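Shown below: structure-v5.cif, with mmCIF, C-alpha atoms.
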data_protein
loop_
_atom_site.label_atom_id
_atom_site.label_comp_id
_atom_site.auth_asym_id
_atom_site.auth_seq_id
_atom_site.Cartn_x
_atom_site.Cartn_y
_atom_site.Cartn_z
CA MET M 22 0.00 0.00 0.00
CA SER M 23 1.10 3.59 -0.61
CA ASP M 24 0.25 6.70 1.42
CA ASP M 25 0.72 8.57 -1.86
CA VAL M 26 -2.73 7.35 -2.96
CA LEU M 27 -5.71 7.98 -0.67
CA LEU M 28 -8.73 5.74 -1.22
CA GLU M 29 -12.19 6.18 0.25
CA THR M 30 -15.79 5.39 -0.54
CA ARG M 31 -18.31 8.20 -0.15
CA GLY M 32 -21.81 6.92 -0.63
CA ALA M 33 -21.91 5.37 -4.07
CA VAL M 34 -18.66 7.02 -5.20
CA GLY M 35 -15.15 5.64 -4.91
CA VAL M 36 -12.72 8.53 -4.46
CA VAL M 37 -9.03 8.42 -5.39
CA THR M 38 -6.73 11.25 -4.31
CA LEU M 39 -3.20 11.30 -5.69
CA ASN M 40 -1.26 12.52 -2.67
CA ARG M 41 2.26 13.53 -3.70
CA PRO M 42 1.75 17.29 -3.93
CA LYS M 43 5.45 18.13 -3.50
CA ALA M 44 6.16 15.94 -6.54
CA LEU M 45 3.16 17.38 -8.40
CA ASN M 46 1.46 14.00 -7.85
CA ALA M 47 3.85 12.22 -10.18
CA LEU M 48 2.89 8.55 -10.48
CA ASP M 49 5.32 5.96 -9.11
CA LEU M 50 5.30 2.18 -8.92
CA GLY M 51 3.82 2.03 -5.42
CA MET M 52 0.93 4.25 -6.45
CA CYS M 53 0.16 2.02 -9.43
CA ARG M 54 0.21 -1.06 -7.24
CA THR M 55 -2.11 0.55 -4.69
CA LEU M 56 -4.65 1.94 -7.13
CA HIS M 57 -5.04 -1.02 -9.47
CA PRO M 58 -6.50 -3.53 -6.95
CA ALA M 59 -8.77 -0.82 -5.56
CA LEU M 60 -10.24 -0.32 -9.03
CA ASP M 61 -10.62 -4.08 -9.41
CA ALA M 62 -12.62 -4.18 -6.18
CA TRP M 63 -14.79 -1.18 -7.04
CA ALA M 64 -15.50 -2.62 -10.49
CA VAL M 65 -17.37 -5.56 -8.95
CA ASP M 66 -18.86 -3.79 -5.92
CA PRO M 67 -22.55 -3.12 -6.72
CA ALA M 68 -22.63 -0.35 -4.11
CA VAL M 69 -20.03 1.67 -6.03
CA LYS M 70 -21.63 3.37 -9.03
CA ALA M 71 -18.76 5.64 -10.12
CA VAL M 72 -15.16 6.55 -9.34
CA VAL M 73 -13.63 10.03 -9.05
CA ILE M 74 -9.87 10.64 -9.29
CA ARG M 75 -8.23 13.94 -8.33
CA GLY M 76 -4.87 15.36 -7.25
CA ALA M 77 -3.92 16.89 -3.90
CA GLY M 78 -2.27 20.27 -3.39
CA GLY M 79 -4.02 22.49 -5.90
CA ARG M 80 -1.07 22.71 -8.34
CA ALA M 81 -1.32 19.50 -10.32
CA PHE M 82 -3.58 16.61 -11.14
CA CYS M 83 -0.57 14.47 -12.11
CA ALA M 84 2.63 15.76 -13.68
CA GLY M 85 3.40 12.37 -15.22
CA GLY M 86 5.17 9.15 -14.39
CA ASP M 87 8.15 9.28 -12.05
CA VAL M 88 10.65 8.90 -14.88
CA ARG M 89 13.40 10.45 -12.80
CA ALA M 90 13.23 7.45 -10.45
CA VAL M 91 13.31 5.11 -13.45
CA ALA M 92 16.41 6.84 -14.83
CA SER M 93 18.13 6.75 -11.41
CA SER M 94 17.50 3.01 -11.12
CA LEU M 95 19.09 2.06 -14.43
CA GLY M 96 22.08 -0.15 -13.90
CA ALA M 97 21.21 -0.82 -10.26
CA VAL M 98 21.13 -4.35 -8.89
CA THR M 99 17.59 -5.51 -8.13
CA ASP M 100 16.74 -7.65 -5.13
CA GLY M 101 13.84 -9.99 -4.51
CA GLU M 102 11.26 -10.91 -7.08
CA ASP M 103 10.89 -7.52 -8.74
CA GLY M 104 12.74 -6.90 -11.95
CA PRO M 105 14.35 -3.61 -13.01
CA LEU M 106 12.24 -0.54 -12.27
CA SER M 107 12.30 0.35 -15.97
CA ARG M 108 10.35 -2.84 -16.57
CA GLU M 109 8.16 -3.02 -13.49
CA PHE M 110 7.04 0.61 -13.58
CA PHE M 111 5.94 0.64 -17.21
CA ARG M 112 4.23 -2.73 -16.90
CA ALA M 113 2.31 -1.51 -13.85
CA GLU M 114 1.49 1.91 -15.31
CA TYR M 115 0.22 0.50 -18.60
CA ALA M 116 -1.79 -2.15 -16.76
CA LEU M 117 -3.40 0.60 -14.67
CA ASN M 118 -4.25 2.60 -17.80
CA HIS M 119 -5.73 -0.57 -19.31
CA ARG M 120 -7.79 -1.15 -16.16
CA ILE M 121 -9.25 2.36 -16.42
CA HIS M 122 -9.88 2.01 -20.17
CA HIS M 123 -11.98 -1.11 -19.53
CA PHE M 124 -13.43 -0.14 -16.15
CA GLY M 125 -17.08 -0.41 -17.14
CA LYS M 126 -18.42 2.22 -14.70
CA PRO M 127 -18.28 6.02 -14.89
CA PHE M 128 -14.71 7.14 -14.17
CA ILE M 129 -14.45 10.88 -13.59
CA ALA M 130 -11.11 12.71 -13.57
CA LEU M 131 -11.07 16.14 -11.91
CA VAL M 132 -8.08 17.61 -13.73
CA ASP M 133 -6.94 20.76 -11.93
CA GLY M 134 -3.56 22.27 -12.81
CA ILE M 135 -0.70 20.37 -14.42
CA CYS M 136 -1.57 17.19 -16.31
CA MET M 137 1.28 15.74 -18.34
CA GLY M 138 2.29 12.32 -19.64
CA GLY M 139 1.12 9.76 -17.12
CA GLY M 140 -1.56 12.19 -15.93
CA LEU M 141 -3.28 11.75 -19.28
CA GLY M 142 -3.03 8.00 -18.82
CA LEU M 143 -4.97 8.32 -15.55
CA SER M 144 -7.67 10.49 -17.09
CA ILE M 145 -8.21 10.08 -20.83
CA HIS M 146 -9.07 6.38 -20.58
CA GLY M 147 -12.15 7.19 -18.53
CA PRO M 148 -15.27 8.71 -20.11
CA TYR M 149 -15.34 11.99 -18.12
CA ARG M 150 -12.53 14.56 -17.86
CA VAL M 151 -13.39 17.74 -15.97
CA VAL M 152 -10.76 20.47 -16.46
CA THR M 153 -10.33 23.87 -14.83
CA GLU M 154 -8.94 27.27 -15.77
CA LYS M 155 -5.63 26.15 -14.21
CA LEU M 156 -5.11 23.30 -16.67
CA VAL M 157 -1.68 22.83 -18.26
CA LEU M 158 -1.93 19.78 -20.53
CA ALA M 159 1.02 18.31 -22.44
CA MET M 160 2.78 15.20 -23.67
CA PRO M 161 6.44 16.33 -23.35
CA GLU M 162 8.19 12.97 -23.69
CA THR M 163 10.30 13.70 -26.79
CA ALA M 164 12.20 16.26 -24.68
CA ILE M 165 13.55 13.47 -22.45
CA GLY M 166 14.32 10.81 -25.03
CA LEU M 167 11.00 8.97 -24.73
CA PHE M 168 7.76 8.99 -26.74
CA PRO M 169 4.10 9.93 -26.06
CA ASP M 170 3.01 6.78 -24.26
CA VAL M 171 0.21 5.83 -21.77
CA GLY M 172 -1.96 5.22 -24.84
CA GLY M 173 -0.74 8.29 -26.72
CA GLY M 174 -0.24 6.17 -29.82
CA TRP M 175 -4.00 5.56 -29.71
CA PHE M 176 -5.54 8.83 -28.46
CA LEU M 177 -3.31 11.42 -30.14
CA PRO M 178 -4.23 10.30 -33.70
CA ARG M 179 -7.89 10.67 -32.68
CA PHE M 180 -7.57 14.35 -31.84
CA PRO M 181 -8.76 16.70 -34.64
CA GLY M 182 -6.67 16.74 -37.80
CA GLU M 183 -2.94 16.65 -37.10
CA SER M 184 -3.21 18.30 -33.69
CA GLY M 185 -2.20 15.05 -31.96
CA THR M 186 0.89 14.76 -34.14
CA TYR M 187 1.81 18.34 -33.30
CA LEU M 188 1.31 17.84 -29.57
CA GLY M 189 3.07 14.48 -29.47
CA LEU M 190 6.19 15.71 -31.27
CA THR M 191 6.55 19.21 -29.81
CA GLY M 192 5.23 18.74 -26.26
CA ALA M 193 3.23 21.96 -26.72
CA ARG M 194 1.06 22.95 -23.76
CA CYS M 195 -2.72 23.27 -23.90
CA ASN M 196 -5.21 25.20 -21.80
CA ALA M 197 -8.79 24.32 -20.90
CA ALA M 198 -10.27 25.68 -24.13
CA ASP M 199 -7.74 23.65 -26.13
CA ALA M 200 -8.59 20.53 -24.13
CA LEU M 201 -12.30 20.92 -24.92
CA TRP M 202 -11.59 21.49 -28.61
CA LEU M 203 -9.34 18.44 -28.76
CA GLY M 204 -11.96 16.26 -27.14
CA TYR M 205 -9.72 15.50 -24.16
CA ALA M 206 -11.95 17.46 -21.79
CA THR M 207 -15.64 16.70 -21.51
CA HIS M 208 -16.45 19.57 -19.11
CA HIS M 209 -14.93 22.81 -17.86
CA VAL M 210 -15.53 23.82 -14.24
CA GLU M 211 -13.97 26.57 -12.11
CA SER M 212 -11.26 25.19 -9.86
CA ALA M 213 -12.98 26.58 -6.77
CA ARG M 214 -16.09 24.49 -7.55
CA LEU M 215 -14.44 21.07 -7.80
CA ASP M 216 -15.23 20.15 -4.21
CA ALA M 217 -18.85 21.01 -4.92
CA VAL M 218 -18.77 18.75 -7.99
CA LEU M 219 -17.59 15.86 -5.84
CA GLU M 220 -20.21 16.53 -3.18
CA ALA M 221 -22.93 16.70 -5.83
CA LEU M 222 -21.85 13.32 -7.18
CA VAL M 223 -21.78 11.82 -3.70
CA GLY M 224 -25.22 13.25 -2.91
CA ALA M 225 -26.82 12.28 -6.23
CA GLU M 226 -29.76 9.90 -6.49
CA TRP M 227 -28.17 6.82 -8.04
CA ASN M 228 -31.12 4.45 -7.90
CA GLY M 229 -33.48 4.31 -10.85
CA SER M 230 -31.19 5.83 -13.50
CA ALA M 231 -28.14 4.60 -15.38
CA ALA M 232 -24.98 5.72 -13.62
CA SER M 233 -23.73 7.55 -16.71
CA ALA M 234 -26.96 9.56 -16.88
CA VAL M 235 -26.52 10.61 -13.24
CA VAL M 236 -22.93 11.73 -13.86
CA GLU M 237 -23.81 13.66 -17.00
CA HIS M 238 -26.67 15.45 -15.24
CA VAL M 239 -24.43 16.49 -12.34
CA LEU M 240 -21.52 17.63 -14.51
CA ALA M 241 -23.77 19.57 -16.88
CA GLY M 242 -24.90 21.66 -13.93
CA PHE M 243 -21.34 22.89 -13.31
CA HIS M 244 -20.06 23.25 -16.88
CA ALA M 245 -18.88 26.73 -17.91
CA ASP M 246 -17.57 28.22 -21.15
CA ALA M 247 -13.77 28.11 -21.46
CA GLY M 248 -13.33 30.68 -24.22
CA THR M 249 -11.55 30.38 -27.57
CA SER M 250 -8.95 27.70 -28.12
CA PRO M 251 -5.59 29.02 -29.42
CA LEU M 252 -4.94 25.54 -30.80
CA ALA M 253 -8.17 25.64 -32.80
CA VAL M 254 -7.17 29.02 -34.26
CA GLN M 255 -3.88 27.50 -35.45
CA HIS M 256 -5.33 24.20 -36.65
CA ALA M 257 -5.17 24.85 -40.40
CA ALA M 258 -1.42 25.50 -40.24
CA ILE M 259 -0.93 22.50 -37.96
CA ASP M 260 -2.74 20.28 -40.44
CA ARG M 261 -0.64 21.56 -43.34
CA CYS M 262 2.69 21.18 -41.59
CA PHE M 263 2.22 17.96 -39.63
CA ALA M 264 0.54 15.75 -42.24
CA ALA M 265 3.81 14.30 -43.55
CA GLU M 266 5.00 10.75 -42.94
CA ARG M 267 8.58 11.80 -42.18
CA VAL M 268 9.88 14.28 -39.61
CA ASP M 269 12.22 15.71 -42.25
CA ASP M 270 9.20 16.52 -44.41
CA ILE M 271 7.52 18.22 -41.46
CA GLN M 272 10.63 20.38 -41.22
CA GLN M 273 10.32 21.37 -44.88
CA ALA M 274 6.62 22.14 -44.47
CA LEU M 275 7.36 24.41 -41.50
CA GLU M 276 10.05 26.19 -43.52
CA LEU M 277 7.59 26.74 -46.36
CA GLU M 278 4.96 28.00 -43.92
CA GLY M 279 7.42 30.70 -42.93
CA THR M 280 5.36 32.25 -40.13
CA PRO M 281 6.65 33.09 -36.64
CA TRP M 282 4.60 30.14 -35.32
CA ALA M 283 6.25 27.79 -37.84
CA GLN M 284 9.73 29.07 -37.05
CA GLU M 285 9.15 28.70 -33.31
CA THR M 286 7.72 25.22 -33.80
CA TRP M 287 10.71 24.02 -35.79
CA ALA M 288 13.06 25.52 -33.19
CA THR M 289 11.19 23.46 -30.60
CA LEU M 290 11.58 20.27 -32.63
CA LEU M 291 15.32 20.90 -32.95
CA ARG M 292 15.62 20.67 -29.16
CA MET M 293 13.90 17.28 -29.01
CA CYS M 294 15.61 13.91 -29.16
CA PRO M 295 15.97 13.03 -32.88
CA LEU M 296 15.37 9.31 -32.38
CA SER M 297 12.34 10.03 -30.19
CA LEU M 298 10.84 12.24 -32.90
CA LYS M 299 11.12 9.55 -35.55
CA VAL M 300 9.92 6.77 -33.24
CA SER M 301 7.00 8.90 -32.06
CA LEU M 302 5.85 9.82 -35.57
CA HIS M 303 5.99 6.16 -36.62
CA LEU M 304 3.90 5.19 -33.59
CA LEU M 305 1.32 7.91 -34.25
CA ARG M 306 0.91 6.84 -37.86
CA MET M 307 0.58 3.22 -36.77
CA GLY M 308 -2.04 4.26 -34.23
CA ARG M 309 -4.39 5.63 -36.88
CA THR M 310 -5.53 2.13 -37.80
CA ARG M 311 -5.04 0.14 -34.57
CA ASP M 312 -7.17 0.01 -31.48
CA TYR M 313 -5.93 0.71 -27.99
CA ASP M 314 -5.41 -2.91 -26.91
CA GLU M 315 -3.26 -3.57 -29.97
CA LEU M 316 -1.01 -0.60 -29.21
CA VAL M 317 -0.28 -1.24 -25.54
CA PRO M 318 2.27 -4.02 -26.27
CA VAL M 319 3.88 -1.78 -28.90
CA GLU M 320 4.23 1.06 -26.40
CA TYR M 321 5.68 -1.31 -23.83
CA ARG M 322 8.35 -2.44 -26.31
CA LEU M 323 9.19 1.19 -26.98
CA SER M 324 9.38 1.98 -23.27
CA GLN M 325 12.00 -0.71 -22.79
CA ALA M 326 13.96 0.14 -25.91
CA LEU M 327 14.15 3.87 -25.23
CA THR M 328 14.81 3.78 -21.49
CA ALA M 329 17.75 1.49 -22.23
CA ARG M 330 19.36 4.17 -24.38
CA ALA M 331 21.75 6.87 -23.17
CA ASP M 332 19.41 9.51 -24.63
CA PHE M 333 16.86 8.81 -21.89
CA ARG M 334 19.34 9.40 -19.07
CA GLU M 335 20.65 12.47 -20.87
CA GLY M 336 17.15 13.88 -21.31
CA ILE M 337 16.36 13.38 -17.62
CA ARG M 338 19.65 15.07 -16.71
CA ALA M 339 19.04 18.07 -18.96
CA VAL M 340 15.37 18.63 -18.14
CA LEU M 341 14.84 17.36 -14.59
CA VAL M 342 18.21 17.14 -12.81
CA ASP M 343 20.65 19.85 -13.98
CA LYS M 344 17.84 21.70 -15.76
CA ASP M 345 20.22 23.28 -18.25
CA ASN M 346 17.92 22.23 -21.13
CA LYS M 347 20.98 21.45 -23.22
CA PRO M 348 20.81 17.73 -23.93
CA ARG M 349 23.52 16.08 -25.98
CA TRP M 350 21.63 13.58 -28.09
CA ARG M 351 23.21 10.56 -29.79
CA PRO M 352 22.47 10.43 -32.70
CA ALA M 353 22.58 14.21 -32.68
CA THR M 354 20.51 15.01 -35.78
CA LEU M 355 17.53 13.59 -37.66
CA SER M 356 19.73 12.68 -40.60
CA ASP M 357 21.83 10.50 -38.32
CA VAL M 358 18.82 8.39 -37.31
CA SER M 359 18.34 5.51 -39.73
CA ASP M 360 15.17 3.62 -40.49
CA ALA M 361 16.85 0.58 -38.96
CA ASP M 362 17.36 2.49 -35.70
CA VAL M 363 13.63 3.22 -35.57
CA GLU M 364 12.55 -0.30 -36.52
CA ALA M 365 14.79 -1.81 -33.84
CA CYS M 366 12.85 0.05 -31.15
CA PHE M 367 9.62 -1.67 -32.27
CA ALA M 368 11.08 -5.18 -32.25
CA PRO M 369 9.29 -7.73 -30.02
CA LEU M 370 10.92 -8.32 -26.66
CA ASP M 371 12.27 -11.79 -26.13
CA GLY M 372 9.98 -13.33 -23.52
CA ASP M 373 8.98 -9.98 -22.02
CA ASP M 374 6.20 -8.60 -24.20
CA TRP M 375 3.17 -7.04 -22.52
CA LYS M 376 -0.03 -9.00 -23.15
CA PRO M 377 -3.35 -7.30 -22.31
CA GLY M 378 -5.14 -10.63 -22.66
CA GLY M 379 -3.07 -12.05 -19.84
CA LEU M 380 -4.32 -9.54 -17.28
CA ARG M 381 -6.85 -10.41 -14.63
CA LEU M 382 -9.57 -8.04 -15.77
CA VAL M 383 -13.11 -7.70 -14.54
CA VAL M 384 -15.42 -5.53 -16.63
CA THR M 385 -18.81 -4.89 -15.09
CA PRO M 386 -21.75 -3.73 -17.23
CA GLU M 387 -23.32 -0.51 -16.03
CA THR M 388 -26.35 -1.05 -13.82
CA PRO M 389 -28.82 1.42 -12.32
#
Show me the file's structure as structure tokens.
Amino acid sequence: MSDDVLLETRGAVGVVTLNRPKALNALDLGMCRTLHPALDAWAVDPAVKAVVIRGAGGRAFCAGGDVRAVASSLGAVTDGEDGPLSREFFRAEYALNHRIHHFGKPFIALVDGICMGGGLGLSIHGPYRVVTEKLVLAMPETAIGLFPDVGGGWFLPRFPGESGTYLGLTGARCNAADALWLGYATHHVESARLDAVLEALVGAEWNGSAASAVVEHVLAGFHADAGTSPLAVQHAAIDRCFAAERVDDIQQALELEGTPWAQETWATLLRMCPLSLKVSLHLLRMGRTRDYDELVPVEYRLSQALTARADFREGIRAVLVDKDNKPRWRPATLSDVSDADVEACFAPLDGDDWKPGGLRLVVTPETP
């Protein structure tokens, strides 16, 4: 059990509070292992009609997975039955995402403040995502030598046009209006009213109506306009520039676009890990035609391939440890990354692939 996840049942609502506010509620292995069995139990408990997940501290819902701990553990000797943290963490995190994706009851994320990487994995796989004016949403993995995971290969291609490609490669940040336009957010509520949202859900009349109808009625009563989405305003240029099948061609499209936005966007891509950019684009194109369950094993392979590379440790150093934001990538440029380098990252793992079908999974049909 982990004190970093608080679990309680209030009436018909299971409540999860991510409780690492000093770490911006970053998700670690212990949190995954605490939350997953709780969701299994709530899934089959007829008294629990819905689950709410939120973050403590007021600054973040979840700033992502604790990749700094993963990087620190690389090369360490493991004791006991657990394998390397780079394996155990991603297996547990992806299993938790999968559990949420197939939960079968209303799962409501109250997303207040920072939500990056693993925070999207804890929220987007449920049917309800309530965001506030404090939202900062991003998938910044290419800046640390990784890729947009936690289902990013599945959900990013399903955002409008090429917006998911743009967000997955650049790590660009979104506000509440952007999140609504993308389809990530289902509702926008003032941060100060989130406690009232929870209390309204707890106090709702759950008998006699489908649970989803109860949730939608409650959330509709708090929903407020979020204004114009800057991302939506820029979407035509994003679609023009990010439609290519190769990162090099995206570069050329941005050069042809020639606007300050295009120049700034290409400057951002130049700071990202070259191998991560090519791997990520290949994953996002693959994800257009594959469902979520098919992509989880692919993402797991990528997690193991990329965390094993020096680029991952260098990205963590540059962004999270020394914070000089001057990573020294190897290979250093896009032209130095071969197709074979990319394909090798997608290769099946010998005896260690992730198999969704092998999970103990209980999916309960919604009942009044």
Next item on the list: Would you please work out which residue, of M:Ala206, M:Ala258, M:Leu188, M:Ile165, is nearest to His146 (chain M) when using all atoms listed in the file?
Entry: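 Selected residue with least distance to His146 (chain M): M:Ala206.
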Checklist line | Nearest to Val342 (chain M) by atom-to-atom distance, counting all atoms listed in the file, from M:Val88, M:Ala365, M:Ala234, M:Ala253 | finding: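 Between M:Val88, M:Ala365, M:Ala234, M:Ala253, the residue approaching Val342 (chain M) most closely is M:Val88.
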Margin query: With the PyMOL selection byres ((chain M and resi 26-38) around 8) as the selection, what would be picked from this file? Answer as number ranges by chain, please.
Written below: M: 23-25, 39-41, 52, 55-56, 59, 63, 68-77, 222-224, 227
Checklist line | All residues 6 Å or closer to region 236-248 of chain M, all atoms listed in the file, same chain fewer than 2 positions away omitted, as a list in words | finding: Ala198, His208, His209, Val210, Ser233 and Ala234 of chain M
Next item on the list: Choose the residue, out of M:Leu158, M:Leu95, M:Ile337, M:Ala113, that has the smallest atom-to-atom separation from Cys83 (chain M); count only C-alpha atoms.
Entry: M:Leu158
Item checked: Separation of CA of Leu355 (chain M) from CA of Tyr321 (chain M) in Å -> 23.5 Å
Next item on the list: Just say which residues the PyMOL selection byres ((chain M and resi 186) around 9) picks in this file, as a list in words.
Entry: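 With the PyMOL selection byres ((chain M and resi 186) around 9) on this model, the match is Leu177, Pro178, Phe180, Gly182, Glu183, Ser184, Gly185, Tyr187, Leu188, Gly189, Leu190, Thr191, Ile259, Phe263, Ala264, Ser301, Leu302, Leu305 and Arg306 of chain M.
Note that the spacing between CA of Ser144 (chain M) and CA of Pro295 (chain M) amounts to 28.5 Å.
What separates CA of Val171 (chain M) from CA of Ser324 (chain M) is a distance of 10.1 Å.
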Notebook entry, point to check: Can you list what the PyMOL selection byres ((chain M and resi 84) around 9) grabs from this structure, as a ChimeraX atom specification?
Noted result: /M:44-48,81-83,85-87,135-140
With 5 Å of padding per side, what axis-aligned box (centre and edge lengths, Å, one decimal) covers all the listed atoms of region 275-290 of chain M? Give it as JSON.
{"center_x": 8.8, "center_y": 26.7, "center_z": -38.5, "size_x": 18.5, "size_y": 22.8, "size_z": 25.8}
Next item on the list: Point out the residue among M:His256, M:Arg261, M:Lys155, M:Arg150 with the least atom-to-atom distance to Thr207 (chain M), counting only C-alpha atoms.
Entry: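 Looking at the shortest contact to Thr207 (chain M), the residue is M:Arg150.
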Notebook entry, point to check: Pick the closest to Thr286 (chain M) from M:Pro42, M:Gln272, M:Arg214, M:Gly79: which is it, counting all atoms listed in the file?
Noted result: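 Closest residue, counting all atoms listed in the file: M:Gln272.
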